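So this one's target-v8.cif, mmCIF, N, CA and C atoms:
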```
data_query
loop_
_atom_site.label_atom_id
_atom_site.label_comp_id
_atom_site.auth_asym_id
_atom_site.auth_seq_id
_atom_site.Cartn_x
_atom_site.Cartn_y
_atom_site.Cartn_z
N MET A 593 -2.75 -35.21 -63.33
CA MET A 593 -3.83 -35.54 -62.44
C MET A 593 -3.32 -36.58 -61.45
N ALA A 594 -3.51 -36.29 -60.18
CA ALA A 594 -3.03 -37.19 -59.14
C ALA A 594 -4.02 -38.32 -58.94
N THR A 595 -3.51 -39.49 -58.72
CA THR A 595 -4.38 -40.64 -58.47
C THR A 595 -4.30 -41.02 -57.01
N LYS A 596 -5.41 -41.46 -56.47
CA LYS A 596 -5.45 -41.89 -55.08
C LYS A 596 -4.95 -43.32 -55.00
N THR A 597 -4.10 -43.55 -54.01
CA THR A 597 -3.62 -44.91 -53.84
C THR A 597 -4.54 -45.66 -52.91
N LYS A 598 -4.79 -46.88 -53.24
CA LYS A 598 -5.66 -47.73 -52.42
C LYS A 598 -4.81 -48.42 -51.36
N ILE A 599 -5.28 -48.36 -50.11
CA ILE A 599 -4.55 -49.03 -49.04
C ILE A 599 -4.94 -50.49 -49.07
N GLU A 600 -3.95 -51.31 -49.22
CA GLU A 600 -4.19 -52.74 -49.30
C GLU A 600 -4.45 -53.32 -47.93
N ASP A 601 -5.18 -54.43 -47.88
CA ASP A 601 -5.44 -55.13 -46.63
C ASP A 601 -4.17 -55.67 -45.98
N ASN A 602 -3.13 -55.83 -46.76
CA ASN A 602 -1.88 -56.36 -46.21
C ASN A 602 -0.89 -55.25 -45.86
N ASP A 603 -1.38 -54.06 -45.56
CA ASP A 603 -0.47 -52.97 -45.19
C ASP A 603 0.08 -53.16 -43.78
N ILE A 604 0.90 -52.26 -43.36
CA ILE A 604 1.59 -52.37 -42.07
C ILE A 604 0.61 -52.37 -40.89
N PHE A 605 -0.47 -51.60 -40.98
CA PHE A 605 -1.44 -51.56 -39.88
C PHE A 605 -2.13 -52.91 -39.70
N ALA A 606 -2.49 -53.51 -40.79
CA ALA A 606 -3.14 -54.82 -40.72
C ALA A 606 -2.20 -55.86 -40.11
N SER A 607 -0.93 -55.77 -40.46
CA SER A 607 0.02 -56.73 -39.90
C SER A 607 0.22 -56.52 -38.41
N LEU A 608 -0.02 -55.31 -37.92
CA LEU A 608 0.10 -55.03 -36.49
C LEU A 608 -1.20 -55.31 -35.74
N GLY A 609 -2.26 -55.60 -36.45
CA GLY A 609 -3.54 -55.89 -35.81
C GLY A 609 -4.29 -54.64 -35.39
N ILE A 610 -4.00 -53.51 -36.03
CA ILE A 610 -4.65 -52.24 -35.69
C ILE A 610 -5.95 -52.13 -36.45
N GLU A 611 -7.01 -51.77 -35.72
CA GLU A 611 -8.31 -51.58 -36.33
C GLU A 611 -8.63 -50.09 -36.36
N PHE A 612 -9.51 -49.70 -37.27
CA PHE A 612 -9.91 -48.31 -37.40
C PHE A 612 -11.40 -48.18 -37.17
N THR A 613 -11.81 -47.03 -36.63
CA THR A 613 -13.22 -46.79 -36.34
C THR A 613 -13.51 -45.30 -36.40
N ASN A 614 -14.76 -44.95 -36.56
CA ASN A 614 -15.17 -43.55 -36.57
C ASN A 614 -15.71 -43.08 -35.23
N SER A 615 -15.81 -44.01 -34.26
CA SER A 615 -16.34 -43.63 -32.95
C SER A 615 -15.30 -43.90 -31.87
N VAL A 616 -15.51 -43.27 -30.76
CA VAL A 616 -14.59 -43.42 -29.63
C VAL A 616 -15.24 -44.34 -28.62
N ASP A 617 -14.56 -45.45 -28.30
CA ASP A 617 -15.03 -46.37 -27.27
C ASP A 617 -14.27 -46.04 -25.99
N ARG A 618 -14.98 -45.57 -25.00
CA ARG A 618 -14.35 -45.25 -23.73
C ARG A 618 -14.79 -46.25 -22.69
N GLU A 619 -13.89 -46.49 -21.74
CA GLU A 619 -14.29 -47.31 -20.62
C GLU A 619 -15.31 -46.51 -19.82
N THR A 620 -16.43 -47.09 -19.56
CA THR A 620 -17.45 -46.38 -18.82
C THR A 620 -17.56 -46.94 -17.42
N GLN A 621 -17.86 -46.06 -16.49
CA GLN A 621 -18.09 -46.47 -15.12
C GLN A 621 -19.58 -46.63 -14.91
N GLU A 622 -19.91 -47.47 -13.97
CA GLU A 622 -21.30 -47.55 -13.55
C GLU A 622 -21.67 -46.19 -12.94
N PRO A 623 -22.88 -45.71 -13.13
CA PRO A 623 -23.26 -44.41 -12.57
C PRO A 623 -23.04 -44.31 -11.06
N ILE A 624 -23.28 -45.39 -10.32
CA ILE A 624 -23.12 -45.31 -8.87
C ILE A 624 -21.65 -45.17 -8.49
N VAL A 625 -20.76 -45.74 -9.28
CA VAL A 625 -19.32 -45.62 -8.98
C VAL A 625 -18.89 -44.17 -9.14
N TYR A 626 -19.36 -43.53 -10.21
CA TYR A 626 -19.06 -42.11 -10.43
C TYR A 626 -19.60 -41.27 -9.28
N LYS A 627 -20.81 -41.57 -8.85
CA LYS A 627 -21.45 -40.79 -7.78
C LYS A 627 -20.79 -41.03 -6.43
N ARG A 628 -20.38 -42.27 -6.17
CA ARG A 628 -19.62 -42.55 -4.94
C ARG A 628 -18.33 -41.75 -4.93
N ASN A 629 -17.65 -41.75 -6.07
CA ASN A 629 -16.38 -41.03 -6.16
C ASN A 629 -16.56 -39.54 -5.91
N LYS A 630 -17.69 -39.00 -6.30
CA LYS A 630 -17.97 -37.58 -6.05
C LYS A 630 -18.03 -37.31 -4.54
N VAL A 631 -18.69 -38.19 -3.79
CA VAL A 631 -18.78 -38.05 -2.33
C VAL A 631 -17.40 -38.25 -1.70
N ILE A 632 -16.67 -39.25 -2.18
CA ILE A 632 -15.34 -39.54 -1.64
C ILE A 632 -14.39 -38.37 -1.88
N GLN A 633 -14.42 -37.79 -3.07
CA GLN A 633 -13.57 -36.64 -3.35
C GLN A 633 -13.90 -35.46 -2.45
N GLY A 634 -15.19 -35.27 -2.17
CA GLY A 634 -15.59 -34.20 -1.26
C GLY A 634 -15.06 -34.43 0.14
N CYS A 635 -15.12 -35.67 0.62
CA CYS A 635 -14.61 -36.00 1.96
C CYS A 635 -13.10 -35.83 2.01
N GLU A 636 -12.41 -36.25 0.96
CA GLU A 636 -10.96 -36.07 0.92
C GLU A 636 -10.58 -34.60 0.92
N LEU A 637 -11.35 -33.78 0.23
CA LEU A 637 -11.10 -32.34 0.24
C LEU A 637 -11.31 -31.76 1.63
N GLN A 638 -12.32 -32.24 2.35
CA GLN A 638 -12.56 -31.76 3.71
C GLN A 638 -11.42 -32.14 4.66
N ILE A 639 -10.84 -33.32 4.47
CA ILE A 639 -9.69 -33.73 5.27
C ILE A 639 -8.53 -32.76 5.04
N GLU A 640 -8.26 -32.46 3.77
CA GLU A 640 -7.19 -31.51 3.45
C GLU A 640 -7.51 -30.12 4.00
N LEU A 641 -8.76 -29.71 3.91
CA LEU A 641 -9.17 -28.40 4.40
C LEU A 641 -9.05 -28.32 5.92
N PHE A 642 -9.31 -29.41 6.63
CA PHE A 642 -9.17 -29.42 8.08
C PHE A 642 -7.69 -29.33 8.47
N LYS A 643 -6.84 -30.03 7.71
CA LYS A 643 -5.40 -30.01 8.00
C LYS A 643 -4.77 -28.68 7.60
N THR A 644 -5.26 -28.08 6.54
CA THR A 644 -4.73 -26.81 6.02
C THR A 644 -5.88 -25.82 5.88
N PRO A 645 -6.19 -25.06 6.95
CA PRO A 645 -7.37 -24.18 6.93
C PRO A 645 -7.37 -23.12 5.82
N ASP A 646 -6.20 -22.69 5.34
CA ASP A 646 -6.17 -21.67 4.30
C ASP A 646 -6.01 -22.26 2.90
N LEU A 647 -6.44 -23.51 2.73
CA LEU A 647 -6.34 -24.22 1.46
C LEU A 647 -7.16 -23.50 0.39
N LYS A 648 -6.58 -23.40 -0.80
CA LYS A 648 -7.28 -22.82 -1.96
C LYS A 648 -7.26 -23.84 -3.08
N VAL A 649 -8.31 -23.89 -3.87
CA VAL A 649 -8.38 -24.76 -5.03
C VAL A 649 -8.67 -23.91 -6.27
N MET A 650 -8.30 -24.44 -7.42
CA MET A 650 -8.54 -23.73 -8.67
C MET A 650 -9.92 -24.11 -9.21
N LYS A 651 -10.70 -23.11 -9.56
CA LYS A 651 -12.02 -23.30 -10.14
C LYS A 651 -12.07 -22.60 -11.49
N THR A 652 -12.88 -23.09 -12.38
CA THR A 652 -13.07 -22.46 -13.68
C THR A 652 -14.34 -21.64 -13.66
N ARG A 653 -14.22 -20.38 -14.03
CA ARG A 653 -15.37 -19.49 -14.13
C ARG A 653 -15.44 -19.00 -15.57
N TYR A 654 -16.63 -18.77 -16.06
CA TYR A 654 -16.80 -18.33 -17.44
C TYR A 654 -17.35 -16.91 -17.46
N GLU A 655 -16.74 -16.08 -18.30
CA GLU A 655 -17.18 -14.69 -18.43
C GLU A 655 -17.52 -14.40 -19.89
N ASN A 656 -18.50 -13.53 -20.07
CA ASN A 656 -18.84 -13.08 -21.41
C ASN A 656 -17.77 -12.10 -21.89
N VAL A 657 -17.42 -12.21 -23.16
CA VAL A 657 -16.46 -11.30 -23.76
C VAL A 657 -17.21 -10.42 -24.73
N GLU A 658 -17.02 -9.12 -24.60
CA GLU A 658 -17.76 -8.18 -25.43
C GLU A 658 -17.43 -8.39 -26.90
N GLY A 659 -18.47 -8.49 -27.72
CA GLY A 659 -18.30 -8.66 -29.15
C GLY A 659 -18.11 -10.10 -29.60
N GLN A 660 -18.15 -11.04 -28.67
CA GLN A 660 -17.99 -12.44 -29.04
C GLN A 660 -19.17 -13.25 -28.51
N LYS A 661 -19.49 -14.32 -29.22
CA LYS A 661 -20.58 -15.18 -28.79
C LYS A 661 -20.11 -16.15 -27.72
N ARG A 662 -18.86 -16.54 -27.76
CA ARG A 662 -18.34 -17.51 -26.80
C ARG A 662 -17.97 -16.85 -25.49
N ARG A 663 -18.06 -17.64 -24.44
CA ARG A 663 -17.63 -17.16 -23.13
C ARG A 663 -16.20 -17.63 -22.89
N LYS A 664 -15.46 -16.83 -22.16
CA LYS A 664 -14.06 -17.13 -21.92
C LYS A 664 -13.89 -17.81 -20.57
N ALA A 665 -13.13 -18.90 -20.53
CA ALA A 665 -12.87 -19.62 -19.29
C ALA A 665 -11.73 -18.93 -18.54
N ILE A 666 -11.95 -18.69 -17.27
CA ILE A 666 -10.95 -18.05 -16.42
C ILE A 666 -10.74 -18.93 -15.19
N GLU A 667 -9.48 -19.21 -14.89
CA GLU A 667 -9.14 -19.99 -13.70
C GLU A 667 -9.00 -19.02 -12.53
N ILE A 668 -9.72 -19.32 -11.44
CA ILE A 668 -9.61 -18.49 -10.24
C ILE A 668 -9.30 -19.38 -9.03
N GLU A 669 -8.66 -18.78 -8.05
CA GLU A 669 -8.37 -19.49 -6.81
C GLU A 669 -9.51 -19.24 -5.84
N LYS A 670 -9.99 -20.28 -5.21
CA LYS A 670 -11.14 -20.14 -4.34
C LYS A 670 -10.99 -21.08 -3.14
N GLN A 671 -11.46 -20.65 -1.98
CA GLN A 671 -11.45 -21.53 -0.82
C GLN A 671 -12.72 -22.38 -0.84
N PRO A 672 -12.56 -23.70 -0.69
CA PRO A 672 -13.74 -24.58 -0.69
C PRO A 672 -14.61 -24.32 0.55
N LYS A 673 -15.89 -24.67 0.43
CA LYS A 673 -16.79 -24.56 1.58
C LYS A 673 -16.47 -25.65 2.58
N LYS A 674 -16.47 -25.28 3.84
CA LYS A 674 -16.21 -26.24 4.89
C LYS A 674 -17.48 -27.00 5.22
N TRP A 675 -17.34 -28.30 5.42
CA TRP A 675 -18.46 -29.14 5.84
C TRP A 675 -18.43 -29.34 7.34
N PHE A 676 -17.59 -28.64 8.03
CA PHE A 676 -17.47 -28.77 9.49
C PHE A 676 -17.40 -27.38 10.10
N GLN A 677 -17.95 -27.28 11.30
CA GLN A 677 -17.91 -26.00 12.02
C GLN A 677 -17.80 -26.28 13.51
N LYS A 678 -17.11 -25.41 14.20
CA LYS A 678 -16.90 -25.61 15.63
C LYS A 678 -18.12 -25.11 16.39
N SER A 679 -18.57 -25.91 17.35
CA SER A 679 -19.73 -25.57 18.16
C SER A 679 -19.57 -26.19 19.55
N ASN A 680 -19.49 -25.35 20.57
CA ASN A 680 -19.36 -25.80 21.97
C ASN A 680 -18.20 -26.77 22.17
N GLY A 681 -17.05 -26.46 21.60
CA GLY A 681 -15.86 -27.28 21.80
C GLY A 681 -15.77 -28.50 20.92
N LYS A 682 -16.81 -28.84 20.18
CA LYS A 682 -16.78 -29.98 19.26
C LYS A 682 -17.02 -29.46 17.84
N TYR A 683 -16.79 -30.33 16.90
CA TYR A 683 -17.06 -29.99 15.51
C TYR A 683 -18.35 -30.67 15.06
N LEU A 684 -19.18 -29.90 14.39
CA LEU A 684 -20.36 -30.46 13.72
C LEU A 684 -19.94 -30.75 12.29
N CYS A 685 -19.90 -32.01 11.94
CA CYS A 685 -19.46 -32.43 10.61
C CYS A 685 -20.66 -32.88 9.78
N GLU A 686 -20.63 -32.53 8.52
CA GLU A 686 -21.67 -32.97 7.60
C GLU A 686 -21.01 -33.53 6.36
N VAL A 687 -21.77 -34.24 5.56
CA VAL A 687 -21.30 -34.77 4.29
C VAL A 687 -22.32 -34.35 3.25
N ARG A 688 -21.83 -33.97 2.09
CA ARG A 688 -22.72 -33.48 1.03
C ARG A 688 -22.54 -34.27 -0.25
N TYR A 689 -23.64 -34.37 -0.97
CA TYR A 689 -23.59 -34.81 -2.36
C TYR A 689 -23.97 -33.58 -3.16
N GLY A 690 -23.00 -32.95 -3.78
CA GLY A 690 -23.23 -31.66 -4.43
C GLY A 690 -23.52 -30.63 -3.35
N ALA A 691 -24.66 -29.97 -3.44
CA ALA A 691 -25.03 -28.98 -2.43
C ALA A 691 -26.00 -29.55 -1.39
N LYS A 692 -26.34 -30.83 -1.54
CA LYS A 692 -27.36 -31.43 -0.66
C LYS A 692 -26.71 -32.20 0.48
N ARG A 693 -27.18 -31.99 1.70
CA ARG A 693 -26.66 -32.71 2.86
C ARG A 693 -27.15 -34.15 2.86
N MET A 694 -26.24 -35.04 3.21
CA MET A 694 -26.59 -36.46 3.32
C MET A 694 -26.95 -36.78 4.76
N GLU A 695 -27.80 -37.77 4.93
CA GLU A 695 -28.08 -38.28 6.28
C GLU A 695 -26.94 -39.20 6.65
N ILE A 696 -26.30 -38.88 7.79
CA ILE A 696 -25.14 -39.67 8.19
C ILE A 696 -25.59 -40.95 8.88
N ARG A 697 -26.52 -40.82 9.83
CA ARG A 697 -27.03 -41.99 10.52
C ARG A 697 -28.36 -41.65 11.16
N ASP A 698 -29.33 -42.54 11.04
CA ASP A 698 -30.64 -42.43 11.69
C ASP A 698 -31.33 -41.09 11.44
N GLY A 699 -31.26 -40.58 10.23
CA GLY A 699 -31.93 -39.34 9.87
C GLY A 699 -31.17 -38.08 10.28
N ASN A 700 -30.03 -38.22 10.94
CA ASN A 700 -29.24 -37.07 11.37
C ASN A 700 -28.27 -36.64 10.27
N ARG A 701 -28.21 -35.35 10.06
CA ARG A 701 -27.36 -34.81 9.00
C ARG A 701 -26.02 -34.27 9.52
N PHE A 702 -25.84 -34.25 10.83
CA PHE A 702 -24.59 -33.78 11.43
C PHE A 702 -24.08 -34.82 12.42
N ALA A 703 -22.77 -34.84 12.59
CA ALA A 703 -22.13 -35.68 13.61
C ALA A 703 -21.32 -34.77 14.50
N LYS A 704 -21.44 -34.91 15.82
CA LYS A 704 -20.63 -34.14 16.77
C LYS A 704 -19.34 -34.90 16.99
N VAL A 705 -18.22 -34.27 16.66
CA VAL A 705 -16.93 -34.95 16.66
C VAL A 705 -15.91 -34.12 17.43
N GLU A 706 -15.09 -34.80 18.24
CA GLU A 706 -13.97 -34.13 18.91
C GLU A 706 -13.00 -33.62 17.84
N GLY A 707 -12.31 -32.54 18.13
CA GLY A 707 -11.41 -31.92 17.16
C GLY A 707 -10.36 -32.83 16.58
N ASP A 708 -9.82 -33.75 17.40
CA ASP A 708 -8.77 -34.63 16.91
C ASP A 708 -9.32 -35.82 16.12
N LYS A 709 -10.63 -35.93 16.01
CA LYS A 709 -11.24 -37.07 15.33
C LYS A 709 -11.99 -36.68 14.05
N VAL A 710 -11.86 -35.45 13.63
CA VAL A 710 -12.55 -35.00 12.41
C VAL A 710 -12.01 -35.77 11.20
N VAL A 711 -10.70 -35.88 11.10
CA VAL A 711 -10.09 -36.60 9.97
C VAL A 711 -10.53 -38.06 9.99
N ALA A 712 -10.54 -38.67 11.18
CA ALA A 712 -10.95 -40.07 11.30
C ALA A 712 -12.42 -40.24 10.90
N PHE A 713 -13.27 -39.26 11.22
CA PHE A 713 -14.68 -39.32 10.84
C PHE A 713 -14.81 -39.38 9.32
N TYR A 714 -14.13 -38.46 8.61
CA TYR A 714 -14.24 -38.43 7.16
C TYR A 714 -13.60 -39.67 6.52
N GLU A 715 -12.50 -40.15 7.07
CA GLU A 715 -11.89 -41.37 6.54
C GLU A 715 -12.81 -42.57 6.74
N GLY A 716 -13.47 -42.65 7.89
CA GLY A 716 -14.43 -43.72 8.14
C GLY A 716 -15.62 -43.63 7.21
N PHE A 717 -16.09 -42.41 6.95
CA PHE A 717 -17.22 -42.23 6.04
C PHE A 717 -16.85 -42.67 4.63
N ILE A 718 -15.62 -42.37 4.22
CA ILE A 718 -15.15 -42.80 2.90
C ILE A 718 -15.22 -44.32 2.79
N GLN A 719 -14.79 -45.02 3.84
CA GLN A 719 -14.83 -46.48 3.83
C GLN A 719 -16.26 -47.00 3.70
N LEU A 720 -17.20 -46.37 4.41
CA LEU A 720 -18.60 -46.79 4.33
C LEU A 720 -19.18 -46.54 2.94
N VAL A 721 -18.81 -45.41 2.32
CA VAL A 721 -19.29 -45.12 0.97
C VAL A 721 -18.75 -46.17 0.00
N ARG A 722 -17.50 -46.55 0.15
CA ARG A 722 -16.90 -47.56 -0.74
C ARG A 722 -17.59 -48.91 -0.62
N THR A 723 -18.11 -49.23 0.57
CA THR A 723 -18.80 -50.52 0.74
C THR A 723 -20.20 -50.50 0.13
N GLY A 724 -20.71 -49.31 -0.21
CA GLY A 724 -22.04 -49.22 -0.80
C GLY A 724 -23.14 -48.93 0.20
N MET A 725 -22.77 -48.63 1.44
CA MET A 725 -23.78 -48.41 2.48
C MET A 725 -24.69 -47.20 2.17
N TYR A 726 -24.18 -46.21 1.46
CA TYR A 726 -24.94 -44.99 1.19
C TYR A 726 -25.43 -44.91 -0.25
N ASP A 727 -25.38 -46.00 -1.00
CA ASP A 727 -25.76 -45.97 -2.41
C ASP A 727 -27.20 -45.50 -2.64
N MET A 728 -28.14 -46.02 -1.86
CA MET A 728 -29.55 -45.63 -2.05
C MET A 728 -29.73 -44.12 -1.84
N GLN A 729 -29.10 -43.61 -0.80
CA GLN A 729 -29.23 -42.18 -0.51
C GLN A 729 -28.55 -41.33 -1.60
N ILE A 730 -27.39 -41.77 -2.06
CA ILE A 730 -26.69 -41.05 -3.12
C ILE A 730 -27.55 -41.01 -4.39
N MET A 731 -28.17 -42.12 -4.73
CA MET A 731 -29.02 -42.16 -5.93
C MET A 731 -30.23 -41.23 -5.78
N LYS A 732 -30.84 -41.20 -4.58
CA LYS A 732 -31.97 -40.31 -4.35
C LYS A 732 -31.55 -38.85 -4.47
N LEU A 733 -30.41 -38.50 -3.87
CA LEU A 733 -29.96 -37.11 -3.91
C LEU A 733 -29.56 -36.70 -5.32
N SER A 734 -29.00 -37.63 -6.10
CA SER A 734 -28.60 -37.28 -7.46
C SER A 734 -29.82 -37.11 -8.37
N ALA A 735 -30.92 -37.77 -8.04
CA ALA A 735 -32.12 -37.67 -8.86
C ALA A 735 -32.93 -36.42 -8.55
N LYS A 736 -32.78 -35.84 -7.36
CA LYS A 736 -33.55 -34.66 -7.00
C LYS A 736 -33.17 -33.50 -7.90
N GLY A 737 -34.16 -32.74 -8.29
CA GLY A 737 -33.91 -31.57 -9.12
C GLY A 737 -33.92 -31.86 -10.60
N ARG A 738 -33.94 -33.13 -10.98
CA ARG A 738 -34.00 -33.47 -12.39
C ARG A 738 -35.45 -33.66 -12.80
N THR A 739 -35.71 -33.43 -14.06
CA THR A 739 -37.07 -33.65 -14.57
C THR A 739 -37.11 -34.81 -15.52
#
```
Please render this file's structure as structure tokens.
Amino acid sequence: MATKTKIEDNDIFASLGIEFTNSVDRETQEPIVYKRNKVIQGCELQIELFKTPDLKVMKTRYENVEGQKRRKAIEIEKQPKKWFQKSNGKYLCEVRYGAKRMEIRDGNRFAKVEGDKVVAFYEGFIQLVRTGMYDMQIMKLSAKGRT
């Protein structure tokens, strides 16, 4: 009959100062920081998309598999949606939080930008988001659709 050995308090882990737990403690971000980062990542993607019009990104899609309860994850290549479009020689640029358009300034959801300034527009918007100028709007947009 095998006997269980008791781990003494003076074992090697204790001497190294290692603690044990049954839960995972993760560094958590403030919700607004996470939401700001979502807008910033979208703007950065638009900058890349403007520089490289045929840019593709990998997305995960889930499909049902016949005879199984679980769905299978499939990686597909997809072109991101553009937040800018050419109109009368200028670009109409927008910024989104998820699928919802943000107000850029004074209730306007689009900015008319010269072609060579589209990247500068999105870089400037990123700076404003980092300062917290759009926090109230981001919080309102993130709350819409929830019950």
Chain and number of each residue from the PyMOL selection byres ((chain A and resi 631) around 8), as a PDB file with N, CA and C atoms, keeping the file's coordinate frame:
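What ended up in result_34.pdb:
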```pdb
ATOM      1  N   TYR A 626     -19.360 -43.530 -10.210  1.00  0.00           N
ATOM      2  CA  TYR A 626     -19.060 -42.110 -10.430  1.00  0.00           C
ATOM      3  C   TYR A 626     -19.600 -41.270  -9.280  1.00  0.00           C
ATOM      4  N   LYS A 627     -20.810 -41.570  -8.850  1.00  0.00           N
ATOM      5  CA  LYS A 627     -21.450 -40.790  -7.780  1.00  0.00           C
ATOM      6  C   LYS A 627     -20.790 -41.030  -6.430  1.00  0.00           C
ATOM      7  N   ARG A 628     -20.380 -42.270  -6.170  1.00  0.00           N
ATOM      8  CA  ARG A 628     -19.620 -42.550  -4.940  1.00  0.00           C
ATOM      9  C   ARG A 628     -18.330 -41.750  -4.930  1.00  0.00           C
ATOM     10  N   ASN A 629     -17.650 -41.750  -6.070  1.00  0.00           N
ATOM     11  CA  ASN A 629     -16.380 -41.030  -6.160  1.00  0.00           C
ATOM     12  C   ASN A 629     -16.560 -39.540  -5.910  1.00  0.00           C
ATOM     13  N   LYS A 630     -17.690 -39.000  -6.300  1.00  0.00           N
ATOM     14  CA  LYS A 630     -17.970 -37.580  -6.050  1.00  0.00           C
ATOM     15  C   LYS A 630     -18.030 -37.310  -4.540  1.00  0.00           C
ATOM     16  N   ILE A 632     -16.670 -39.250  -2.180  1.00  0.00           N
ATOM     17  CA  ILE A 632     -15.340 -39.540  -1.640  1.00  0.00           C
ATOM     18  C   ILE A 632     -14.390 -38.370  -1.880  1.00  0.00           C
ATOM     19  N   GLN A 633     -14.420 -37.790  -3.070  1.00  0.00           N
ATOM     20  CA  GLN A 633     -13.570 -36.640  -3.350  1.00  0.00           C
ATOM     21  C   GLN A 633     -13.900 -35.460  -2.450  1.00  0.00           C
ATOM     22  N   GLY A 634     -15.190 -35.270  -2.170  1.00  0.00           N
ATOM     23  CA  GLY A 634     -15.590 -34.200  -1.260  1.00  0.00           C
ATOM     24  C   GLY A 634     -15.060 -34.430   0.140  1.00  0.00           C
ATOM     25  N   CYS A 635     -15.120 -35.670   0.620  1.00  0.00           N
ATOM     26  CA  CYS A 635     -14.610 -36.000   1.960  1.00  0.00           C
ATOM     27  C   CYS A 635     -13.100 -35.830   2.010  1.00  0.00           C
ATOM     28  N   GLU A 636     -12.410 -36.250   0.960  1.00  0.00           N
ATOM     29  CA  GLU A 636     -10.960 -36.070   0.920  1.00  0.00           C
ATOM     30  C   GLU A 636     -10.580 -34.600   0.920  1.00  0.00           C
ATOM     31  N   LEU A 637     -11.350 -33.780   0.230  1.00  0.00           N
ATOM     32  CA  LEU A 637     -11.100 -32.340   0.240  1.00  0.00           C
ATOM     33  C   LEU A 637     -11.310 -31.760   1.630  1.00  0.00           C
ATOM     34  N   VAL A 687     -21.770 -34.240   5.560  1.00  0.00           N
ATOM     35  CA  VAL A 687     -21.300 -34.770   4.290  1.00  0.00           C
ATOM     36  C   VAL A 687     -22.320 -34.350   3.250  1.00  0.00           C
ATOM     37  N   ARG A 688     -21.830 -33.970   2.090  1.00  0.00           N
ATOM     38  CA  ARG A 688     -22.720 -33.480   1.030  1.00  0.00           C
ATOM     39  C   ARG A 688     -22.540 -34.270  -0.250  1.00  0.00           C
ATOM     40  N   TYR A 689     -23.640 -34.370  -0.970  1.00  0.00           N
ATOM     41  CA  TYR A 689     -23.590 -34.810  -2.360  1.00  0.00           C
ATOM     42  C   TYR A 689     -23.970 -33.580  -3.160  1.00  0.00           C
ATOM     43  N   GLY A 690     -23.000 -32.950  -3.780  1.00  0.00           N
ATOM     44  CA  GLY A 690     -23.230 -31.660  -4.430  1.00  0.00           C
ATOM     45  C   GLY A 690     -23.520 -30.630  -3.350  1.00  0.00           C
ATOM     46  N   PHE A 717     -16.090 -42.410   6.950  1.00  0.00           N
ATOM     47  CA  PHE A 717     -17.220 -42.230   6.040  1.00  0.00           C
ATOM     48  C   PHE A 717     -16.850 -42.670   4.630  1.00  0.00           C
ATOM     49  N   ILE A 718     -15.620 -42.370   4.220  1.00  0.00           N
ATOM     50  CA  ILE A 718     -15.150 -42.800   2.900  1.00  0.00           C
ATOM     51  C   ILE A 718     -15.220 -44.320   2.790  1.00  0.00           C
ATOM     52  N   VAL A 721     -18.810 -45.410   2.320  1.00  0.00           N
ATOM     53  CA  VAL A 721     -19.290 -45.120   0.970  1.00  0.00           C
ATOM     54  C   VAL A 721     -18.750 -46.170   0.000  1.00  0.00           C
TER      55      VAL A 721
END
```
From segment 602-657 of chain A, collect each residue whose DSSP state is strand (DSSP E) and return the set as a list in words. Val649, Met650, Lys651, Thr652, Arg653, Tyr654, Glu655 and Asn656 of chain A
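Run against this file, the PyMOL selection byres (((chain A and resi 643 and name CA) around 12) and name CA) gives back Glu636, Leu637, Gln638, Ile639, Glu640, Leu641, Phe642, Thr644, Pro645, Asp646, Leu647, Lys674, Gly707, Asp708, Lys709, Val710, Val711 and Ala712 of chain A.
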Selected residues, N, CA and C atoms, written as a compact mmCIF listing (two decimals), in the frame of the given file, please.
```txt
# COMPACT_ATOMS: atom_id res chain seq x y z
N GLU A 636 -12.41 -36.25 0.96
CA GLU A 636 -10.96 -36.07 0.92
C GLU A 636 -10.58 -34.60 0.92
N LEU A 637 -11.35 -33.78 0.23
CA LEU A 637 -11.10 -32.34 0.24
C LEU A 637 -11.31 -31.76 1.63
N GLN A 638 -12.32 -32.24 2.35
CA GLN A 638 -12.56 -31.76 3.71
C GLN A 638 -11.42 -32.14 4.66
N ILE A 639 -10.84 -33.32 4.47
CA ILE A 639 -9.69 -33.73 5.27
C ILE A 639 -8.53 -32.76 5.04
N GLU A 640 -8.26 -32.46 3.77
CA GLU A 640 -7.19 -31.51 3.45
C GLU A 640 -7.51 -30.12 4.00
N LEU A 641 -8.76 -29.71 3.91
CA LEU A 641 -9.17 -28.40 4.40
C LEU A 641 -9.05 -28.32 5.92
N PHE A 642 -9.31 -29.41 6.63
CA PHE A 642 -9.17 -29.42 8.08
C PHE A 642 -7.69 -29.33 8.47
N THR A 644 -5.26 -28.08 6.54
CA THR A 644 -4.73 -26.81 6.02
C THR A 644 -5.88 -25.82 5.88
N PRO A 645 -6.19 -25.06 6.95
CA PRO A 645 -7.37 -24.18 6.93
C PRO A 645 -7.37 -23.12 5.82
N ASP A 646 -6.20 -22.69 5.34
CA ASP A 646 -6.17 -21.67 4.30
C ASP A 646 -6.01 -22.26 2.90
N LEU A 647 -6.44 -23.51 2.73
CA LEU A 647 -6.34 -24.22 1.46
C LEU A 647 -7.16 -23.50 0.39
N LYS A 674 -16.47 -25.28 3.84
CA LYS A 674 -16.21 -26.24 4.89
C LYS A 674 -17.48 -27.00 5.22
N GLY A 707 -12.31 -32.54 18.13
CA GLY A 707 -11.41 -31.92 17.16
C GLY A 707 -10.36 -32.83 16.58
N ASP A 708 -9.82 -33.75 17.40
CA ASP A 708 -8.77 -34.63 16.91
C ASP A 708 -9.32 -35.82 16.12
N LYS A 709 -10.63 -35.93 16.01
CA LYS A 709 -11.24 -37.07 15.33
C LYS A 709 -11.99 -36.68 14.05
N VAL A 710 -11.86 -35.45 13.63
CA VAL A 710 -12.55 -35.00 12.41
C VAL A 710 -12.01 -35.77 11.20
N VAL A 711 -10.70 -35.88 11.10
CA VAL A 711 -10.09 -36.60 9.97
C VAL A 711 -10.53 -38.06 9.99
N ALA A 712 -10.54 -38.67 11.18
CA ALA A 712 -10.95 -40.07 11.30
C ALA A 712 -12.42 -40.24 10.90
```
Spatial neighbours of segment 658-673 of chain A, 7 Å, only N, CA and C atoms, chain gap at least 3 places, as a PyMOL selection string: chain A and resi 646-655+676
